[in-house]
>>> print(open('my_file_20.txt').read())   # compact mmCIF, N, CA and C atoms
# COMPACT_ATOMS: atom_id res chain seq x y z
N MET K 1 -7.37 -84.21 -113.70
CA MET K 1 -7.91 -83.61 -112.52
C MET K 1 -8.55 -84.68 -111.65
N SER K 2 -8.44 -84.47 -110.39
CA SER K 2 -9.06 -85.43 -109.47
C SER K 2 -10.43 -84.91 -109.06
N GLU K 3 -11.29 -85.86 -108.80
CA GLU K 3 -12.63 -85.47 -108.38
C GLU K 3 -12.60 -85.00 -106.93
N ALA K 4 -13.48 -84.04 -106.59
CA ALA K 4 -13.55 -83.53 -105.22
C ALA K 4 -14.22 -84.56 -104.34
N THR K 5 -13.63 -84.83 -103.21
CA THR K 5 -14.24 -85.78 -102.28
C THR K 5 -15.34 -85.09 -101.50
N PRO K 6 -16.43 -85.82 -101.23
CA PRO K 6 -17.52 -85.17 -100.48
C PRO K 6 -17.07 -84.87 -99.06
N PRO K 7 -17.63 -83.82 -98.47
CA PRO K 7 -17.24 -83.48 -97.10
C PRO K 7 -17.70 -84.58 -96.13
N PRO K 8 -17.00 -84.73 -95.02
CA PRO K 8 -17.40 -85.76 -94.06
C PRO K 8 -18.78 -85.42 -93.48
N PRO K 9 -19.55 -86.43 -93.12
CA PRO K 9 -20.90 -86.16 -92.57
C PRO K 9 -20.81 -85.41 -91.25
N ASN K 10 -21.77 -84.57 -91.05
CA ASN K 10 -21.83 -83.76 -89.83
C ASN K 10 -22.25 -84.66 -88.66
N PRO K 11 -21.44 -84.76 -87.60
CA PRO K 11 -21.81 -85.66 -86.49
C PRO K 11 -23.07 -85.20 -85.75
N ILE K 12 -23.39 -83.91 -85.82
CA ILE K 12 -24.59 -83.42 -85.15
C ILE K 12 -25.84 -83.97 -85.84
N ASP K 13 -25.81 -84.09 -87.17
CA ASP K 13 -26.96 -84.60 -87.90
C ASP K 13 -27.18 -86.09 -87.66
N ASN K 14 -26.11 -86.82 -87.33
CA ASN K 14 -26.21 -88.26 -87.16
C ASN K 14 -26.68 -88.68 -85.78
N ARG K 15 -26.71 -87.75 -84.84
CA ARG K 15 -27.12 -88.13 -83.48
C ARG K 15 -28.61 -88.45 -83.44
N ARG K 16 -28.95 -89.37 -82.59
CA ARG K 16 -30.35 -89.72 -82.40
C ARG K 16 -31.01 -88.68 -81.51
N ARG K 17 -32.18 -88.25 -81.88
CA ARG K 17 -32.87 -87.22 -81.14
C ARG K 17 -33.51 -87.82 -79.88
N VAL K 18 -33.31 -87.17 -78.76
CA VAL K 18 -33.87 -87.62 -77.49
C VAL K 18 -35.31 -87.12 -77.39
N GLU K 19 -36.19 -88.01 -76.98
CA GLU K 19 -37.59 -87.61 -76.83
C GLU K 19 -37.73 -86.61 -75.70
N PHE K 20 -38.51 -85.59 -75.93
CA PHE K 20 -38.73 -84.55 -74.95
C PHE K 20 -39.94 -84.91 -74.10
N GLU K 21 -39.75 -84.94 -72.80
CA GLU K 21 -40.84 -85.16 -71.87
C GLU K 21 -40.93 -83.94 -70.97
N PRO K 22 -42.03 -83.21 -71.03
CA PRO K 22 -42.11 -82.00 -70.21
C PRO K 22 -42.10 -82.34 -68.72
N MET K 23 -41.39 -81.54 -67.98
CA MET K 23 -41.30 -81.73 -66.54
C MET K 23 -42.56 -81.16 -65.89
N PRO K 24 -43.20 -81.90 -65.00
CA PRO K 24 -44.41 -81.35 -64.36
C PRO K 24 -44.07 -80.15 -63.49
N LEU K 25 -44.85 -79.11 -63.62
CA LEU K 25 -44.63 -77.90 -62.84
C LEU K 25 -45.23 -78.06 -61.45
N PRO K 26 -44.62 -77.45 -60.45
CA PRO K 26 -45.19 -77.55 -59.11
C PRO K 26 -46.50 -76.79 -59.01
N PHE K 27 -47.39 -77.26 -58.18
CA PHE K 27 -48.68 -76.64 -57.90
C PHE K 27 -49.59 -76.57 -59.12
N THR K 28 -49.48 -77.52 -60.05
CA THR K 28 -50.35 -77.49 -61.21
C THR K 28 -51.39 -78.61 -61.18
N GLY K 29 -51.18 -79.64 -60.41
CA GLY K 29 -52.13 -80.73 -60.35
C GLY K 29 -53.22 -80.46 -59.34
N GLY K 30 -54.05 -81.46 -59.09
CA GLY K 30 -55.13 -81.31 -58.13
C GLY K 30 -54.62 -81.08 -56.72
N LYS K 31 -53.57 -81.80 -56.33
CA LYS K 31 -53.04 -81.64 -54.98
C LYS K 31 -52.34 -80.30 -54.81
N GLY K 32 -51.71 -79.82 -55.87
CA GLY K 32 -51.05 -78.52 -55.80
C GLY K 32 -52.04 -77.39 -55.65
N LYS K 33 -53.16 -77.48 -56.36
CA LYS K 33 -54.19 -76.45 -56.26
C LYS K 33 -54.80 -76.45 -54.86
N THR K 34 -55.01 -77.63 -54.31
CA THR K 34 -55.54 -77.73 -52.95
C THR K 34 -54.58 -77.10 -51.95
N LEU K 35 -53.30 -77.36 -52.11
CA LEU K 35 -52.30 -76.80 -51.20
C LEU K 35 -52.26 -75.27 -51.29
N VAL K 36 -52.32 -74.75 -52.49
CA VAL K 36 -52.30 -73.30 -52.66
C VAL K 36 -53.53 -72.66 -52.02
N PHE K 37 -54.71 -73.24 -52.23
CA PHE K 37 -55.92 -72.70 -51.63
C PHE K 37 -55.86 -72.78 -50.11
N LEU K 38 -55.34 -73.87 -49.56
CA LEU K 38 -55.21 -73.99 -48.10
C LEU K 38 -54.27 -72.93 -47.54
N ILE K 39 -53.18 -72.68 -48.24
CA ILE K 39 -52.23 -71.65 -47.78
C ILE K 39 -52.88 -70.27 -47.82
N ILE K 40 -53.62 -69.98 -48.88
CA ILE K 40 -54.27 -68.66 -48.99
C ILE K 40 -55.32 -68.49 -47.90
N VAL K 41 -56.11 -69.54 -47.64
CA VAL K 41 -57.12 -69.46 -46.57
C VAL K 41 -56.45 -69.23 -45.23
N ALA K 42 -55.36 -69.94 -44.96
CA ALA K 42 -54.66 -69.78 -43.68
C ALA K 42 -54.08 -68.37 -43.53
N VAL K 43 -53.52 -67.83 -44.59
CA VAL K 43 -52.94 -66.49 -44.53
C VAL K 43 -54.03 -65.45 -44.31
N CYS K 44 -55.16 -65.58 -45.01
CA CYS K 44 -56.26 -64.62 -44.85
C CYS K 44 -56.86 -64.70 -43.44
N LEU K 45 -57.05 -65.91 -42.95
CA LEU K 45 -57.57 -66.04 -41.59
C LEU K 45 -56.58 -65.49 -40.57
N GLY K 46 -55.31 -65.74 -40.78
CA GLY K 46 -54.29 -65.22 -39.88
C GLY K 46 -54.26 -63.69 -39.88
N ALA K 47 -54.40 -63.09 -41.05
CA ALA K 47 -54.41 -61.63 -41.14
C ALA K 47 -55.63 -61.05 -40.43
N ALA K 48 -56.79 -61.65 -40.64
CA ALA K 48 -58.01 -61.16 -39.97
C ALA K 48 -57.90 -61.33 -38.46
N ALA K 49 -57.40 -62.47 -38.01
CA ALA K 49 -57.26 -62.71 -36.57
C ALA K 49 -56.23 -61.76 -35.96
N TYR K 50 -55.15 -61.49 -36.66
CA TYR K 50 -54.14 -60.56 -36.16
C TYR K 50 -54.73 -59.16 -36.00
N MET K 51 -55.47 -58.72 -36.99
CA MET K 51 -56.05 -57.37 -36.92
C MET K 51 -57.08 -57.27 -35.80
N TYR K 52 -57.82 -58.35 -35.56
CA TYR K 52 -58.87 -58.30 -34.54
C TYR K 52 -58.29 -58.46 -33.13
N PHE K 53 -57.44 -59.48 -32.94
CA PHE K 53 -56.97 -59.79 -31.59
C PHE K 53 -55.75 -58.96 -31.16
N VAL K 54 -54.82 -58.72 -32.06
CA VAL K 54 -53.60 -58.02 -31.69
C VAL K 54 -53.77 -56.51 -31.84
N GLN K 55 -54.30 -56.09 -32.97
CA GLN K 55 -54.45 -54.65 -33.20
C GLN K 55 -55.71 -54.08 -32.54
N ARG K 56 -56.57 -54.94 -32.03
CA ARG K 56 -57.80 -54.55 -31.34
C ARG K 56 -58.72 -53.69 -32.21
N LEU K 57 -58.83 -54.09 -33.49
CA LEU K 57 -59.74 -53.38 -34.38
C LEU K 57 -61.12 -54.03 -34.29
N PRO K 58 -62.19 -53.27 -34.48
CA PRO K 58 -63.54 -53.86 -34.42
C PRO K 58 -63.79 -54.74 -35.65
N TRP K 59 -64.78 -55.65 -35.51
CA TRP K 59 -65.14 -56.53 -36.62
C TRP K 59 -65.57 -55.76 -37.85
N THR K 60 -66.12 -54.57 -37.67
CA THR K 60 -66.63 -53.80 -38.80
C THR K 60 -65.55 -53.05 -39.56
N ASP K 61 -64.33 -53.05 -39.07
CA ASP K 61 -63.24 -52.37 -39.76
C ASP K 61 -62.88 -53.18 -41.02
N MET K 62 -62.61 -52.49 -42.12
CA MET K 62 -62.31 -53.16 -43.38
C MET K 62 -61.01 -53.96 -43.33
N ARG K 63 -60.10 -53.61 -42.42
CA ARG K 63 -58.86 -54.38 -42.30
C ARG K 63 -59.08 -55.72 -41.62
N VAL K 64 -60.26 -55.92 -41.04
CA VAL K 64 -60.64 -57.22 -40.48
C VAL K 64 -61.58 -57.94 -41.44
N ILE K 65 -62.52 -57.21 -42.00
CA ILE K 65 -63.53 -57.83 -42.87
C ILE K 65 -62.92 -58.33 -44.18
N ALA K 66 -62.04 -57.53 -44.78
CA ALA K 66 -61.50 -57.90 -46.10
C ALA K 66 -60.76 -59.24 -46.09
N PRO K 67 -59.83 -59.48 -45.17
CA PRO K 67 -59.19 -60.80 -45.18
C PRO K 67 -60.14 -61.92 -44.78
N ALA K 68 -61.13 -61.62 -43.94
CA ALA K 68 -62.11 -62.65 -43.57
C ALA K 68 -62.95 -63.05 -44.79
N ILE K 69 -63.35 -62.07 -45.59
CA ILE K 69 -64.10 -62.37 -46.81
C ILE K 69 -63.22 -63.14 -47.79
N GLY K 70 -61.95 -62.76 -47.89
CA GLY K 70 -61.03 -63.50 -48.74
C GLY K 70 -60.87 -64.94 -48.31
N ALA K 71 -60.82 -65.16 -47.00
CA ALA K 71 -60.72 -66.53 -46.49
C ALA K 71 -61.97 -67.32 -46.82
N LEU K 72 -63.13 -66.69 -46.69
CA LEU K 72 -64.38 -67.37 -47.05
C LEU K 72 -64.42 -67.69 -48.54
N TRP K 73 -63.97 -66.76 -49.35
CA TRP K 73 -63.98 -66.96 -50.81
C TRP K 73 -63.08 -68.14 -51.20
N PHE K 74 -61.88 -68.17 -50.67
CA PHE K 74 -60.97 -69.26 -51.04
C PHE K 74 -61.35 -70.57 -50.37
N ALA K 75 -62.03 -70.52 -49.23
CA ALA K 75 -62.57 -71.75 -48.64
C ALA K 75 -63.66 -72.32 -49.55
N LEU K 76 -64.47 -71.45 -50.12
CA LEU K 76 -65.49 -71.90 -51.08
C LEU K 76 -64.82 -72.50 -52.32
N ARG K 77 -63.78 -71.85 -52.82
CA ARG K 77 -63.05 -72.39 -53.97
C ARG K 77 -62.43 -73.75 -53.65
N LEU K 78 -61.91 -73.89 -52.43
CA LEU K 78 -61.35 -75.16 -52.00
C LEU K 78 -62.43 -76.23 -51.94
N PHE K 79 -63.59 -75.88 -51.41
CA PHE K 79 -64.71 -76.81 -51.36
C PHE K 79 -65.12 -77.25 -52.76
N MET K 80 -65.19 -76.27 -53.67
CA MET K 80 -65.57 -76.59 -55.05
C MET K 80 -64.52 -77.46 -55.74
N THR K 81 -63.26 -77.29 -55.39
CA THR K 81 -62.20 -78.10 -55.99
C THR K 81 -62.25 -79.54 -55.48
N LEU K 82 -62.56 -79.71 -54.20
CA LEU K 82 -62.51 -81.05 -53.61
C LEU K 82 -63.76 -81.88 -53.85
N THR K 83 -64.90 -81.26 -54.11
CA THR K 83 -66.12 -82.04 -54.33
C THR K 83 -66.19 -82.51 -55.77
N PRO K 84 -66.74 -83.71 -56.00
CA PRO K 84 -66.81 -84.22 -57.37
C PRO K 84 -67.86 -83.46 -58.19
N ARG K 85 -67.59 -83.34 -59.47
CA ARG K 85 -68.55 -82.67 -60.36
C ARG K 85 -69.61 -83.68 -60.77
N SER K 86 -70.83 -83.22 -60.85
CA SER K 86 -71.89 -84.15 -61.25
C SER K 86 -72.50 -83.76 -62.56
>>> encode(input="my_file_20.txt", output="structure tokens")
Amino acid sequence: MSEATPPPPNPIDNRRRVEFEPMPLPFTGGKGKTLVFLIIVAVCLGAAAYMYFVQRLPWTDMRVIAPAIGALWFALRLFMTLTPRS
């Protein structure tokens, strides 16, 4: 009887593994966060200005106050992001 020959090596096992480097996601760094906050502030201010100037709603209407407060909130968040921590 002849001895059984071993099976040929699997070429997938012999390949060298490529190092994985995660791709940076957009809007995740400091500049991305700043850009997102600036966009949100601009949209909120634009919505408040549209409701006041185009729709002729009074300042006390919630459709004017709510986006204005949102713009102030995100402007504060932007300020906190840009100033150094002590």
>>> axis_aligned_box(input="my_file_20.txt", around="range 2-7 of chain K", padding_each_side="3 Å", output="JSON")
{"center_x": -13.1, "center_y": -84.7, "center_z": -103.3, "size_x": 15.3, "size_y": 8.4, "size_z": 20.3}
>>> closest_residue(input="my_file_20.txt", among="K:Leu25, K:Val18, K:Val64, K:Trp73", to="Val41 in chain K", atoms="all atoms listed in the file")
K:Trp73
>>> closest_residue(input="my_file_20.txt", among="K:Ala68, K:Arg63, K:Phe20, K:Arg56", to="Cys44 in chain K", atoms="all atoms listed in the file")
K:Ala68
>>> select_by_dssp(input="my_file_20.txt", residues="chain K", states="alpha helix (DSSP H)", output="PyMOL selection string")
chain K and resi 11-14+30-49+62-82
>>> atom_distance(input="my_file_20.txt", atom1="CA of Gln55 in chain K", atom2="CA of Leu72 in chain K")
21.3 Å
>>> atom_distance(input="my_file_20.txt", atom1="CA of Thr60 in chain K", atom2="CA of Leu76 in chain K")
21.9 Å
>>> atom_distance(input="my_file_20.txt", atom1="atom C of Ile40 in chain K", atom2="CA of Ala71 in chain K")
5.9 Å
>>> closest_residue(input="my_file_20.txt", among="K:Ala75, K:Met23, K:Val54, K:Ala66", to="Ala42 in chain K", atoms="only C-alpha atoms")
K:Ala75
>>> closest_residue(input="my_file_20.txt", among="K:Pro22, K:Gly70, K:Pro6, K:Pro84", to="Leu45 in chain K", atoms="all atoms listed in the file")
K:Gly70
>>> closest_residue(input="my_file_20.txt", among="K:Phe74, K:Asp61, K:Gly29, K:Pro67", to="Ala47 in chain K", atoms="only C-alpha atoms")
K:Pro67
